[in-house]
>>> print(open('entry_16.txt').read())   # compact mmCIF, C-alpha atoms (C1' of nucleotides)
# COMPACT_ATOMS: atom_id res chain seq x y z
CA MET A 1 0.00 0.00 0.00
CA LEU A 2 2.98 2.30 0.38
CA ARG A 3 1.16 4.08 3.05
CA MET A 4 1.97 7.00 5.18
CA SER A 5 1.19 7.20 8.84
CA ARG A 6 -2.19 8.66 9.69
CA LEU A 7 -0.51 11.04 12.09
CA THR A 8 1.30 12.55 9.14
CA ASP A 9 -1.96 13.09 7.40
CA TYR A 10 -3.22 14.89 10.48
CA GLY A 11 -0.08 16.97 10.47
CA ILE A 12 -0.73 18.07 6.92
CA VAL A 13 -4.33 18.87 7.67
CA LEU A 14 -3.37 20.94 10.69
CA LEU A 15 -0.64 22.82 8.90
CA ALA A 16 -2.96 23.50 6.00
CA GLN A 17 -5.51 24.81 8.44
CA LEU A 18 -2.96 27.18 9.93
CA ALA A 19 -1.74 28.20 6.51
CA ALA A 20 -5.27 29.03 5.44
CA SER A 21 -5.74 31.43 8.32
CA PRO A 22 -4.35 34.79 7.26
CA GLU A 23 -3.23 36.26 10.56
CA ALA A 24 -0.12 35.28 12.40
CA VAL A 25 -2.16 34.94 15.58
CA PRO A 26 -1.39 31.61 17.23
CA HIS A 27 -4.18 29.06 17.31
CA ASN A 28 -4.41 26.61 20.16
CA ALA A 29 -4.94 22.89 19.98
CA ARG A 30 -8.59 23.07 20.98
CA GLU A 31 -9.45 25.47 18.18
CA LEU A 32 -7.69 23.36 15.60
CA ALA A 33 -9.29 20.18 16.88
CA THR A 34 -12.80 21.49 16.45
CA ALA A 35 -11.98 23.07 13.12
CA THR A 36 -10.59 19.86 11.69
CA HIS A 37 -13.00 17.53 13.48
CA LEU A 38 -10.16 15.57 15.01
CA PRO A 39 -9.89 14.40 18.62
CA LEU A 40 -8.11 16.92 20.82
CA PRO A 41 -5.47 14.62 22.33
CA VAL A 42 -4.33 13.55 18.90
CA VAL A 43 -4.17 17.10 17.63
CA SER A 44 -2.19 18.05 20.68
CA LYS A 45 0.28 15.28 20.13
CA VAL A 46 0.84 16.06 16.49
CA LEU A 47 1.27 19.78 17.10
CA LYS A 48 3.82 19.06 19.79
CA GLY A 49 5.85 17.02 17.36
CA LEU A 50 5.68 19.61 14.62
CA ALA A 51 6.77 22.29 17.04
CA ARG A 52 9.71 20.28 18.24
CA GLN A 53 10.85 19.76 14.68
CA GLY A 54 10.76 23.46 14.04
CA LEU A 55 7.82 23.60 11.65
CA LEU A 56 5.63 25.37 14.16
CA ALA A 57 6.36 28.09 16.66
CA SER A 58 4.74 27.45 20.02
CA HIS A 59 3.51 30.03 22.50
CA ARG A 60 2.79 28.79 25.98
CA GLY A 61 0.35 30.05 28.54
CA ALA A 62 -3.01 31.70 28.21
CA LYS A 63 -3.63 33.13 24.75
CA GLY A 64 -0.95 30.77 23.57
CA GLY A 65 -1.03 28.27 20.74
CA TYR A 66 0.84 27.43 17.58
CA SER A 67 1.72 29.33 14.47
CA LEU A 68 3.66 28.49 11.33
CA ALA A 69 7.38 28.91 11.74
CA ARG A 70 7.80 29.77 8.07
CA ARG A 71 5.71 30.88 5.15
CA PRO A 72 3.54 28.14 3.62
CA ASP A 73 5.50 28.18 0.42
CA GLU A 74 8.69 27.53 2.34
CA ILE A 75 7.49 24.33 3.97
CA SER A 76 7.57 21.19 1.88
CA VAL A 77 5.48 18.08 2.22
CA ALA A 78 8.71 16.15 2.58
CA GLU A 79 9.57 18.16 5.67
CA VAL A 80 6.21 17.46 7.23
CA ILE A 81 6.51 13.76 6.65
CA ALA A 82 10.01 13.71 8.03
CA ALA A 83 8.93 15.74 11.04
CA VAL A 84 6.14 13.38 12.01
CA GLU A 85 7.48 9.98 11.12
CA GLY A 86 11.20 10.37 10.67
CA PRO A 87 13.32 10.45 7.54
CA ILE A 88 11.78 9.34 4.27
CA ALA A 89 13.11 5.85 3.74
CA LEU A 90 11.28 3.21 1.77
CA THR A 91 13.52 0.49 3.08
CA GLU A 92 15.42 0.22 6.33
CA CYS A 93 18.78 0.36 4.65
CA THR A 94 17.99 3.75 3.22
CA ILE A 95 18.17 5.34 6.65
CA GLY A 96 21.81 4.43 6.99
CA PRO A 97 24.28 1.60 7.46
CA GLY A 98 23.67 -1.03 10.08
CA HIS A 99 19.92 -1.22 9.81
CA CYS A 100 19.74 -4.31 7.69
CA THR A 101 21.53 -7.57 8.39
CA GLN A 102 21.76 -8.42 4.72
CA GLU A 103 23.57 -5.29 3.75
CA PRO A 104 26.78 -6.80 2.39
CA LEU A 105 24.98 -9.32 0.20
CA CYS A 106 22.10 -7.22 -0.96
CA ALA A 107 22.00 -6.60 -4.68
CA VAL A 108 19.31 -3.97 -4.81
CA ARG A 109 20.40 -1.61 -2.07
CA GLU A 110 21.79 1.02 -4.35
CA PRO A 111 18.81 0.97 -6.74
CA TRP A 112 16.43 1.42 -3.84
CA HIS A 113 18.42 4.41 -2.86
CA ARG A 114 17.83 5.90 -6.28
CA ILE A 115 14.11 5.25 -6.11
CA ASN A 116 14.01 6.82 -2.71
CA GLN A 117 15.68 9.91 -4.05
CA VAL A 118 13.11 10.23 -6.77
CA ILE A 119 10.32 10.31 -4.25
CA GLN A 120 12.23 12.51 -1.87
CA ARG A 121 12.80 15.02 -4.61
CA ALA A 122 9.17 15.01 -5.67
CA LEU A 123 7.99 15.70 -2.15
CA ASP A 124 10.69 18.28 -1.57
CA GLN A 125 9.27 20.32 -4.37
CA PHE A 126 5.74 20.18 -3.09
CA PRO A 127 5.17 23.20 -0.85
CA LEU A 128 2.48 23.41 1.77
CA SER A 129 0.97 26.35 -0.06
CA GLU A 130 0.01 24.06 -2.88
CA LEU A 131 -2.08 21.97 -0.56
CA LEU A 132 -4.68 24.63 -0.05
CA SER A 133 -7.65 23.33 -1.87
CA PRO A 134 -8.78 25.43 -4.82
CA ALA A 135 -12.37 24.98 -3.71
CA ALA A 136 -11.72 27.12 -0.67
CA ASP A 137 -10.60 30.33 -2.24
CA GLY A 138 -9.35 33.26 -0.21
CA ALA A 139 -12.39 35.47 -0.67
CA THR A 140 -13.65 34.67 2.79
CA SER A 141 -10.91 36.55 4.52
CA SER A 142 -13.11 38.51 6.89
CA SER A 143 -13.04 36.42 10.01
CA GLY A 144 -10.80 33.78 11.46
CA ARG A 145 -11.76 31.26 8.84
CA LEU A 146 -11.00 28.49 11.23
CA ASP A 147 -14.37 27.04 10.45
CA ARG A 148 -14.26 25.04 7.34
CA GLY A 149 -17.80 25.33 6.15
CA LEU A 150 -19.95 22.32 6.80
CA MET B 1 9.14 7.06 7.61
CA LEU B 2 7.06 6.58 4.49
CA ARG B 3 8.07 3.01 4.51
CA MET B 4 7.25 0.15 2.33
CA SER B 5 6.48 -3.32 3.55
CA ARG B 6 9.44 -5.61 3.99
CA LEU B 7 7.69 -8.23 1.91
CA THR B 8 7.73 -5.83 -1.00
CA ASP B 9 11.46 -5.42 -0.61
CA TYR B 10 11.80 -9.18 -0.76
CA GLY B 11 9.68 -9.20 -3.86
CA ILE B 12 11.99 -6.78 -5.59
CA VAL B 13 15.05 -8.74 -4.55
CA LEU B 14 13.56 -11.96 -5.85
CA LEU B 15 12.45 -10.49 -9.13
CA ALA B 16 15.84 -8.91 -9.58
CA GLN B 17 17.42 -12.26 -8.95
CA LEU B 18 15.29 -13.85 -11.61
CA ALA B 19 15.91 -11.02 -14.01
CA ALA B 20 19.64 -11.35 -13.55
CA SER B 21 19.81 -15.01 -14.44
CA PRO B 22 19.60 -16.01 -18.09
CA GLU B 23 15.93 -16.68 -18.46
CA ALA B 24 13.99 -19.61 -19.78
CA VAL B 25 14.67 -22.08 -16.98
CA PRO B 26 12.34 -21.63 -14.01
CA HIS B 27 13.92 -21.30 -10.58
CA ASN B 28 12.26 -22.83 -7.57
CA ALA B 29 11.73 -21.25 -4.19
CA ARG B 30 14.56 -23.14 -2.52
CA GLU B 31 17.10 -21.97 -5.07
CA LEU B 32 16.03 -18.38 -4.75
CA ALA B 33 16.03 -18.57 -0.98
CA THR B 34 19.62 -19.67 -0.81
CA ALA B 35 20.65 -17.23 -3.50
CA THR B 36 19.14 -14.26 -1.71
CA HIS B 37 19.86 -15.46 1.83
CA LEU B 38 16.23 -15.21 2.81
CA PRO B 39 14.22 -17.79 4.78
CA LEU B 40 12.49 -20.29 2.54
CA PRO B 41 8.92 -19.93 3.87
CA VAL B 42 9.01 -16.20 3.30
CA VAL B 43 10.38 -16.57 -0.18
CA SER B 44 7.71 -19.10 -0.93
CA LYS B 45 4.98 -16.81 0.29
CA VAL B 46 6.17 -13.82 -1.69
CA LEU B 47 6.61 -15.79 -4.89
CA LYS B 48 3.12 -17.17 -4.56
CA GLY B 49 1.73 -13.67 -4.37
CA LEU B 50 3.72 -12.41 -7.31
CA ALA B 51 2.56 -15.34 -9.39
CA ARG B 52 -1.05 -14.75 -8.50
CA GLN B 53 -0.76 -11.14 -9.57
CA GLY B 54 0.63 -12.19 -12.91
CA LEU B 55 4.18 -10.93 -12.51
CA LEU B 56 5.59 -14.43 -12.39
CA ALA B 57 4.72 -17.56 -14.33
CA SER B 58 4.61 -20.63 -12.12
CA HIS B 59 5.41 -24.18 -13.11
CA ARG B 60 4.27 -26.89 -10.75
CA GLY B 61 5.66 -30.30 -10.10
CA ALA B 62 9.21 -31.57 -10.19
CA LYS B 63 11.59 -29.35 -12.16
CA GLY B 64 9.05 -26.62 -11.63
CA GLY B 65 9.54 -23.14 -10.26
CA TYR B 66 8.97 -19.54 -11.21
CA SER B 67 9.99 -17.41 -14.13
CA LEU B 68 9.32 -13.82 -15.12
CA ALA B 69 6.01 -13.36 -16.89
CA ARG B 70 7.38 -10.42 -18.88
CA ARG B 71 10.69 -8.91 -19.84
CA PRO B 72 12.45 -7.03 -17.02
CA ASP B 73 12.03 -3.74 -18.81
CA GLU B 74 8.30 -4.29 -18.98
CA ILE B 75 7.80 -4.67 -15.25
CA SER B 76 7.70 -1.51 -13.19
CA VAL B 77 8.53 -1.05 -9.55
CA ALA B 78 5.03 0.33 -9.09
CA GLU B 79 3.58 -2.96 -10.29
CA VAL B 80 5.66 -4.92 -7.85
CA ILE B 81 4.60 -2.76 -4.94
CA ALA B 82 0.97 -3.00 -5.97
CA ALA B 83 1.26 -6.75 -6.37
CA VAL B 84 2.60 -7.35 -2.89
CA GLU B 85 0.86 -4.75 -0.79
CA GLY B 86 -2.06 -3.52 -2.82
CA PRO B 87 -2.59 -0.25 -4.63
CA ILE B 88 -0.23 2.63 -3.99
CA ALA B 89 -2.12 4.95 -1.70
CA LEU B 90 -0.45 7.27 0.74
CA THR B 91 -3.69 7.96 2.55
CA GLU B 92 -6.76 5.83 2.95
CA CYS B 93 -8.94 8.15 0.95
CA THR B 94 -6.71 7.66 -2.07
CA ILE B 95 -7.88 4.10 -2.48
CA GLY B 96 -11.41 5.18 -3.09
CA PRO B 97 -14.52 6.72 -1.54
CA GLY B 98 -15.81 5.41 1.75
CA HIS B 99 -12.48 4.68 3.39
CA CYS B 100 -12.26 7.78 5.51
CA THR B 101 -14.98 9.03 7.81
CA GLN B 102 -13.88 12.63 7.37
CA GLU B 103 -14.21 12.61 3.64
CA PRO B 104 -16.88 15.29 3.23
CA LEU B 105 -15.09 17.77 5.49
CA CYS B 106 -11.51 17.10 4.50
CA ALA B 107 -9.72 19.98 2.87
CA VAL B 108 -6.61 18.23 1.69
CA ARG B 109 -7.99 15.17 0.00
CA GLU B 110 -7.59 16.42 -3.51
CA PRO B 111 -4.04 17.66 -2.97
CA TRP B 112 -3.07 14.31 -1.50
CA HIS B 113 -4.39 12.73 -4.62
CA ARG B 114 -2.06 14.88 -6.68
CA ILE B 115 0.93 13.98 -4.53
CA ASN B 116 0.02 10.35 -4.84
CA GLN B 117 -0.03 10.63 -8.58
CA VAL B 118 3.43 12.14 -8.60
CA ILE B 119 4.82 9.16 -6.77
CA GLN B 120 2.79 6.68 -8.75
CA ARG B 121 4.08 8.11 -11.97
CA ALA B 122 7.67 8.06 -10.80
CA LEU B 123 7.44 4.41 -9.83
CA ASP B 124 5.54 3.52 -12.96
CA GLN B 125 8.47 4.63 -15.03
CA PHE B 126 11.02 2.74 -13.03
CA PRO B 127 11.45 -0.63 -14.73
CA LEU B 128 12.82 -3.71 -13.07
CA SER B 129 15.67 -3.72 -15.55
CA GLU B 130 16.98 -0.52 -14.07
CA LEU B 131 17.40 -2.25 -10.77
CA LEU B 132 20.15 -4.41 -12.18
CA SER B 133 22.49 -1.99 -13.88
CA PRO B 134 24.88 -0.40 -11.38
CA ALA B 135 23.49 3.10 -11.52
CA ALA B 136 25.71 5.33 -13.60
CA ASP B 137 23.12 7.59 -15.11
CA GLY B 138 20.10 6.19 -13.39
CA ALA B 139 19.69 9.13 -11.05
CA THR B 140 19.84 11.71 -13.77
CA SER B 141 17.53 9.90 -16.06
CA SER B 142 15.12 9.43 -13.22
CA SER B 143 15.12 13.06 -12.30
CA GLY B 144 14.70 13.88 -15.92
CA ARG B 145 11.51 11.91 -15.99
CA LEU B 146 10.35 13.37 -12.78
CA ASP B 147 7.71 15.60 -14.11
CA ARG B 148 4.99 16.59 -11.78
CA GLY B 149 1.97 17.06 -13.94
CA LEU B 150 -0.25 19.35 -11.93
C1' DA C 1 4.62 -45.09 -7.44
C1' DA C 2 7.64 -41.75 -5.60
C1' DA C 3 9.66 -37.39 -5.51
C1' DA C 4 9.52 -32.53 -6.09
C1' DA C 5 7.38 -28.63 -6.71
C1' DT C 6 3.55 -25.00 -6.37
C1' DC C 7 -1.03 -23.76 -4.22
C1' DG C 8 -4.20 -22.20 -0.76
C1' DG C 9 -4.94 -21.03 3.50
C1' DA C 10 -4.83 -21.08 8.49
C1' DC C 11 -2.12 -20.04 12.21
C1' DT C 12 1.04 -17.64 15.69
C1' DT C 13 4.02 -14.13 17.07
C1' DT C 14 5.60 -9.70 17.21
C1' DT C 15 5.80 -4.98 16.31
C1' DA C 16 4.23 -0.54 15.89
C1' DC C 17 0.54 2.56 15.31
C1' DG C 18 -3.13 5.30 16.95
C1' DG C 19 -4.85 7.13 20.81
C1' DT C 20 -5.25 8.48 25.84
C1' DC C 21 -3.82 10.33 30.09
C1' DT C 22 -1.15 12.75 33.76
C1' DG C 23 1.95 15.87 35.93
C1' DA C 24 5.04 19.80 35.14
C1' DT C 25 5.93 24.34 33.34
C1' DA C 26 5.07 28.76 31.32
C1' DT C 27 2.11 32.88 30.42
C1' DT C 28 -1.70 35.87 30.81
C1' DT C 29 -5.33 38.04 33.39
C1' DA C 30 -7.88 39.64 37.40
C1' DT D 1 -0.42 36.96 44.10
C1' DA D 2 -3.72 33.59 42.55
C1' DA D 3 -6.29 31.45 39.10
C1' DA D 4 -6.96 30.11 34.53
C1' DT D 5 -5.16 28.55 30.28
C1' DA D 6 -1.82 26.83 27.40
C1' DT D 7 2.08 23.98 25.86
C1' DC D 8 5.49 20.28 27.17
C1' DA D 9 7.35 15.71 28.14
C1' DG D 10 6.54 11.35 28.56
C1' DA D 11 4.54 7.02 29.98
C1' DC D 12 0.92 3.95 29.01
C1' DC D 13 -2.35 0.68 26.62
C1' DG D 14 -5.24 -1.85 23.20
C1' DT D 15 -5.74 -3.21 18.79
C1' DA D 16 -4.54 -4.20 14.14
C1' DA D 17 -1.45 -5.23 10.76
C1' DA D 18 2.80 -7.08 9.54
C1' DA D 19 6.15 -10.93 9.46
C1' DG D 20 6.85 -15.37 9.49
C1' DT D 21 5.60 -20.52 9.96
C1' DC D 22 3.31 -24.66 8.87
C1' DC D 23 0.29 -28.11 6.71
C1' DG D 24 -2.61 -30.62 3.48
C1' DA D 25 -3.85 -30.79 -1.39
C1' DT D 26 -2.55 -30.79 -6.10
C1' DT D 27 0.27 -31.09 -10.12
C1' DT D 28 4.18 -32.69 -12.78
C1' DT D 29 8.37 -35.32 -13.69
C1' DT D 30 11.05 -39.47 -13.33
>>> encode(input="entry_16.txt", output="structure tokens")
Amino acid sequence: MLRMSRLTDYGIVLLAQLAASPEAVPHNARELATATHLPLPVVSKVLKGLARQGLLASHRGAKGGYSLARRPDEISVAEVIAAVEGPIALTECTIGPGHCTQEPLCAVREPWHRINQVIQRALDQFPLSELLSPAADGATSSSGRLDRGL
Amino acid sequence: MLRMSRLTDYGIVLLAQLAASPEAVPHNARELATATHLPLPVVSKVLKGLARQGLLASHRGAKGGYSLARRPDEISVAEVIAAVEGPIALTECTIGPGHCTQEPLCAVREPWHRINQVIQRALDQFPLSELLSPAADGATSSSGRLDRGL
DNA sequence: AAAAATCGGACTTTTACGGTCTGATATTTA
DNA sequence: TAAATATCAGACCGTAAAAGTCCGATTTTT
């Protein structure tokens, strides 16, 4: 299935939500949870991770929350994936030496590395800004816009 | 980690092994297991799956075994992945409607679909035959093909 | 008839994912 | 200063999927 962790998907959704909101005002986990219809504890966990990896700036205390650390066009999908679930590596040996017991005998290690690079490159060039759905256009810029219309 | 199932890796290794040997004669599971240093039951399981998906031709009985169903340059990495672990789908909603409860509200479903296509296309154009040749210009040719059609 | 294979599937074990919870710390507000 | 509201760090657990094993049936060759 070549699947990506669901947490990563949540991460993308949350970042997209933040990117869609015009102001630089931090949004807290509760807000984002209701806006995205995701359970609060999960949202909290994901945001924590993204903040630690430097994709989000966190502001503690009352009136605190999270805001994008960079502009949406300067954050790539590859970065988000790597932030949530570690480096992009289709096989274990792609991470680095010593992860696979068959390393010395393996014939396809180097080719896998090439394939991995292809994907890495594709995701590197996919900025967060391009994730904003064309259906939701920016005309509704009056209020917080944290409500995605039901 | 964006990781791929280990079984899929085995599948690639096994197919590469078959592609490397002068064709015609079928190779049985035991042979391939010793050649690739993988446990026999696993090899057997993977080969079965690949045969069922039409990537391998199976020959039962004594002197039987498996052989490639097509030429190595006519089998793509994408096909192998799909054969072992189902369709390439980064998120559940990529498989088809009805897999994700948040479908109607989700803002990033369509963008994910685009990303998925990028990867799909890249893997589609990566033939098994390119897994054998020791690189050289593989990376450049791959990046040359890497065209995100948006 | 015997040997050597695949075939189909059930089965067990293990890992890791998705999700929850709690206590500590920082910041604002009254 | 005290209370309220956040993030922060991490442990914790249940389930599901992955990884691997095994067996009986079937097919083919010798």
>>> residues_around(input="entry_16.txt", residues="region 6-22 of chain C", least_positions_apart="2", cutoff="9 Å", atoms="only C-alpha atoms (C1' of nucleotides)", output="ChimeraX atom specification")
/A:5-7,41-42 /B:48,58-61,64-65 /D:11-13,16-23,25-27
>>> write_last_selection(input="entry_16.txt", atoms="C-alpha atoms (C1' of nucleotides)", output="short mmCIF file (atom, residue, chain, number, x, y, z; two decimals), keeping the file's coordinate frame")
data_model
loop_
_atom_site.label_atom_id
_atom_site.label_comp_id
_atom_site.auth_asym_id
_atom_site.auth_seq_id
_atom_site.Cartn_x
_atom_site.Cartn_y
_atom_site.Cartn_z
CA SER A 5 1.19 7.20 8.84
CA ARG A 6 -2.19 8.66 9.69
CA LEU A 7 -0.51 11.04 12.09
CA PRO A 41 -5.47 14.62 22.33
CA VAL A 42 -4.33 13.55 18.90
CA LYS B 48 3.12 -17.17 -4.56
CA SER B 58 4.61 -20.63 -12.12
CA HIS B 59 5.41 -24.18 -13.11
CA ARG B 60 4.27 -26.89 -10.75
CA GLY B 61 5.66 -30.30 -10.10
CA GLY B 64 9.05 -26.62 -11.63
CA GLY B 65 9.54 -23.14 -10.26
"C1'" DA D 11 4.54 7.02 29.98
"C1'" DC D 12 0.92 3.95 29.01
"C1'" DC D 13 -2.35 0.68 26.62
"C1'" DA D 16 -4.54 -4.20 14.14
"C1'" DA D 17 -1.45 -5.23 10.76
"C1'" DA D 18 2.80 -7.08 9.54
"C1'" DA D 19 6.15 -10.93 9.46
"C1'" DG D 20 6.85 -15.37 9.49
"C1'" DT D 21 5.60 -20.52 9.96
"C1'" DC D 22 3.31 -24.66 8.87
"C1'" DC D 23 0.29 -28.11 6.71
"C1'" DA D 25 -3.85 -30.79 -1.39
"C1'" DT D 26 -2.55 -30.79 -6.10
"C1'" DT D 27 0.27 -31.09 -10.12
#
>>> calpha_fit_rmsd(input="entry_16.txt", fixed="chain A", moving="chain B")
9.2 Å
>>> closest_atom_pairs(input="entry_16.txt", of="chain D", to="chain A", cutoff="12 Å", atoms="all atoms listed in the file", output="Markdown table")
| residue | atom | partner | partner_atom | distance |
| --- | --- | --- | --- | --- |
| D:DA3 | C1' | A:Ala62 | CA | 11.4 |
| D:DA4 | C1' | A:Ala62 | CA | 7.6 |
| D:DT5 | C1' | A:Ala62 | CA | 4.3 |
| D:DA6 | C1' | A:Gly61 | CA | 4.0 |
| D:DT7 | C1' | A:Arg60 | CA | 4.9 |
| D:DC8 | C1' | A:Lys48 | CA | 7.7 |
| D:DA9 | C1' | A:Lys48 | CA | 9.7 |
| D:DG10 | C1' | A:Lys45 | CA | 11.2 |
>>> atom_distance(input="entry_16.txt", atom1="CA of Val80 (chain A)", atom2="CA of Pro97 (chain B)")
24.9 Å
>>> closest_atom_pairs(input="entry_16.txt", of="chain A", to="chain B", cutoff="7 Å", atoms="only C-alpha atoms", output="CSV")
residue,atom,partner,partner_atom,distance
A:Met1,CA,B:Ile88,CA,4.8
A:Leu2,CA,B:Met4,CA,5.2
A:Arg3,CA,B:Leu90,CA,4.3
A:Met4,CA,B:Leu90,CA,5.1
A:Val13,CA,B:Val108,CA,6.4
A:Ala82,CA,B:Met1,CA,6.7
A:Glu85,CA,B:Met1,CA,4.9
A:Gly86,CA,B:Met1,CA,5.0
A:Pro87,CA,B:Met1,CA,5.4
A:Ile88,CA,B:Met1,CA,4.8
A:Ala89,CA,B:Met1,CA,5.7
A:Leu90,CA,B:Arg3,CA,4.2
A:Thr91,CA,B:Arg3,CA,6.2
A:Val108,CA,B:Val13,CA,6.4
A:Pro111,CA,B:Leu131,CA,5.3
A:Arg114,CA,B:Ala139,CA,6.1
A:Val118,CA,B:Ser143,CA,6.5
A:Ile119,CA,B:Ile119,CA,6.2
A:Leu131,CA,B:Pro111,CA,5.3
A:Leu132,CA,B:Val108,CA,6.9
A:Ser133,CA,B:Ala107,CA,6.2
A:Leu150,CA,B:Leu105,CA,6.8
>>> atom_distance(input="entry_16.txt", atom1="CA of Glu31 (chain B)", atom2="CA of Ser67 (chain B)")
12.4 Å
>>> atom_distance(input="entry_16.txt", atom1="CA of Ala19 (chain A)", atom2="C1' of DT28 (chain C)")
25.5 Å
>>> axis_aligned_box(input="entry_16.txt", around="region 5-24 of chain C", padding_each_side="6 Å", output="JSON")
{"center_x": 1.1, "center_y": -4.4, "center_z": 14.6, "size_x": 24.6, "size_y": 60.4, "size_z": 54.6}
>>> decode(input="entry_16.txt", residues="region 6-21 of chain D", atoms="N, CA and C atoms (P, O5', C5', C4', C3', O3' and C1' of nucleotides)", output="short mmCIF file (atom, residue, chain, number, x, y, z; two decimals), in the first residue's frame")
data_model
loop_
_atom_site.label_atom_id
_atom_site.label_comp_id
_atom_site.auth_asym_id
_atom_site.auth_seq_id
_atom_site.Cartn_x
_atom_site.Cartn_y
_atom_site.Cartn_z
P DA D 6 -7.06 28.30 26.20
"O5'" DA D 6 -5.76 27.85 25.44
"C5'" DA D 6 -4.97 26.77 25.96
"C4'" DA D 6 -3.50 27.09 25.79
"C3'" DA D 6 -2.70 25.85 25.41
"O3'" DA D 6 -2.41 25.91 24.02
"C1'" DA D 6 -1.82 26.83 27.40
P DT D 7 -2.06 24.49 23.30
"O5'" DT D 7 -0.50 24.36 23.59
"C5'" DT D 7 0.36 25.42 23.20
"C4'" DT D 7 1.68 25.33 23.99
"C3'" DT D 7 2.58 24.17 23.56
"O3'" DT D 7 3.93 24.64 23.59
"C1'" DT D 7 2.08 23.98 25.86
P DC D 8 5.06 23.66 23.03
"O5'" DC D 8 5.41 22.70 24.24
"C5'" DC D 8 6.26 23.20 25.29
"C4'" DC D 8 6.61 22.06 26.24
"C3'" DC D 8 7.14 20.79 25.55
"O3'" DC D 8 8.43 20.52 26.07
"C1'" DC D 8 5.49 20.28 27.17
P DA D 9 9.43 19.63 25.27
"O5'" DA D 9 9.49 18.30 26.13
"C5'" DA D 9 9.61 18.38 27.54
"C4'" DA D 9 9.22 17.06 28.16
"C3'" DA D 9 9.59 15.84 27.32
"O3'" DA D 9 10.48 15.04 28.07
"C1'" DA D 9 7.35 15.71 28.14
P DG D 10 11.24 13.79 27.38
"O5'" DG D 10 10.30 12.58 27.82
"C5'" DG D 10 9.91 12.48 29.18
"C4'" DG D 10 8.67 11.64 29.31
"C3'" DG D 10 8.71 10.32 28.55
"O3'" DG D 10 9.02 9.30 29.47
"C1'" DG D 10 6.54 11.35 28.56
P DA D 11 9.27 7.82 29.01
"O5'" DA D 11 8.15 7.06 29.85
"C5'" DA D 11 7.79 7.52 31.16
"C4'" DA D 11 6.35 7.15 31.46
"C3'" DA D 11 6.03 5.67 31.23
"O3'" DA D 11 5.25 5.20 32.33
"C1'" DA D 11 4.54 7.02 29.98
P DC D 12 5.07 3.63 32.54
"O5'" DC D 12 3.68 3.30 31.84
"C5'" DC D 12 2.51 4.00 32.23
"C4'" DC D 12 1.41 3.75 31.24
"C3'" DC D 12 1.32 2.31 30.72
"O3'" DC D 12 0.24 1.65 31.37
"C1'" DC D 12 0.92 3.95 29.01
P DC D 13 0.06 0.07 31.19
"O5'" DC D 13 -1.04 -0.02 30.06
"C5'" DC D 13 -2.17 0.83 30.14
"C4'" DC D 13 -2.99 0.70 28.85
"C3'" DC D 13 -3.09 -0.73 28.32
"O3'" DC D 13 -4.44 -0.98 27.97
"C1'" DC D 13 -2.35 0.68 26.62
P DG D 14 -5.02 -2.49 28.06
"O5'" DG D 14 -5.91 -2.56 26.74
"C5'" DG D 14 -6.67 -1.41 26.34
"C4'" DG D 14 -6.87 -1.43 24.85
"C3'" DG D 14 -7.15 -2.81 24.26
"O3'" DG D 14 -8.24 -2.71 23.36
"C1'" DG D 14 -5.24 -1.85 23.20
P DT D 15 -8.91 -4.03 22.78
"O5'" DT D 15 -8.67 -3.89 21.21
"C5'" DT D 15 -8.75 -2.59 20.63
"C4'" DT D 15 -7.86 -2.52 19.40
"C3'" DT D 15 -8.04 -3.69 18.42
"O3'" DT D 15 -8.47 -3.13 17.19
"C1'" DT D 15 -5.74 -3.21 18.79
P DA D 16 -9.13 -4.06 16.08
"O5'" DA D 16 -8.15 -3.82 14.85
"C5'" DA D 16 -7.55 -2.55 14.71
"C4'" DA D 16 -6.29 -2.66 13.88
"C3'" DA D 16 -6.38 -3.70 12.75
"O3'" DA D 16 -5.74 -3.16 11.61
"C1'" DA D 16 -4.54 -4.20 14.14
P DA D 17 -6.10 -3.72 10.16
"O5'" DA D 17 -4.66 -3.75 9.47
"C5'" DA D 17 -3.73 -2.73 9.78
"C4'" DA D 17 -2.33 -3.30 9.84
"C3'" DA D 17 -1.97 -4.26 8.70
"O3'" DA D 17 -0.71 -3.91 8.21
"C1'" DA D 17 -1.45 -5.23 10.76
P DA D 18 -0.25 -4.35 6.75
"O5'" DA D 18 1.28 -4.71 6.97
"C5'" DA D 18 2.02 -4.01 7.94
"C4'" DA D 18 2.96 -4.95 8.66
"C3'" DA D 18 3.75 -5.88 7.75
"O3'" DA D 18 5.12 -5.71 8.02
"C1'" DA D 18 2.80 -7.08 9.54
P DA D 19 6.20 -6.27 7.01
"O5'" DA D 19 6.63 -7.64 7.70
"C5'" DA D 19 7.13 -7.58 9.03
"C4'" DA D 19 7.41 -8.97 9.54
"C3'" DA D 19 8.06 -9.90 8.52
"O3'" DA D 19 9.20 -10.50 9.12
"C1'" DA D 19 6.15 -10.93 9.46
P DG D 20 10.19 -11.34 8.18
"O5'" DG D 20 9.73 -12.83 8.55
"C5'" DG D 20 9.67 -13.19 9.93
"C4'" DG D 20 8.82 -14.42 10.10
"C3'" DG D 20 9.21 -15.62 9.24
"O3'" DG D 20 9.82 -16.59 10.08
"C1'" DG D 20 6.85 -15.37 9.49
P DT D 21 10.29 -17.97 9.45
"O5'" DT D 21 9.08 -18.94 9.81
"C5'" DT D 21 8.60 -19.00 11.14
"C4'" DT D 21 7.46 -20.00 11.26
"C3'" DT D 21 7.74 -21.36 10.62
"O3'" DT D 21 7.59 -22.36 11.61
"C1'" DT D 21 5.60 -20.52 9.96
#
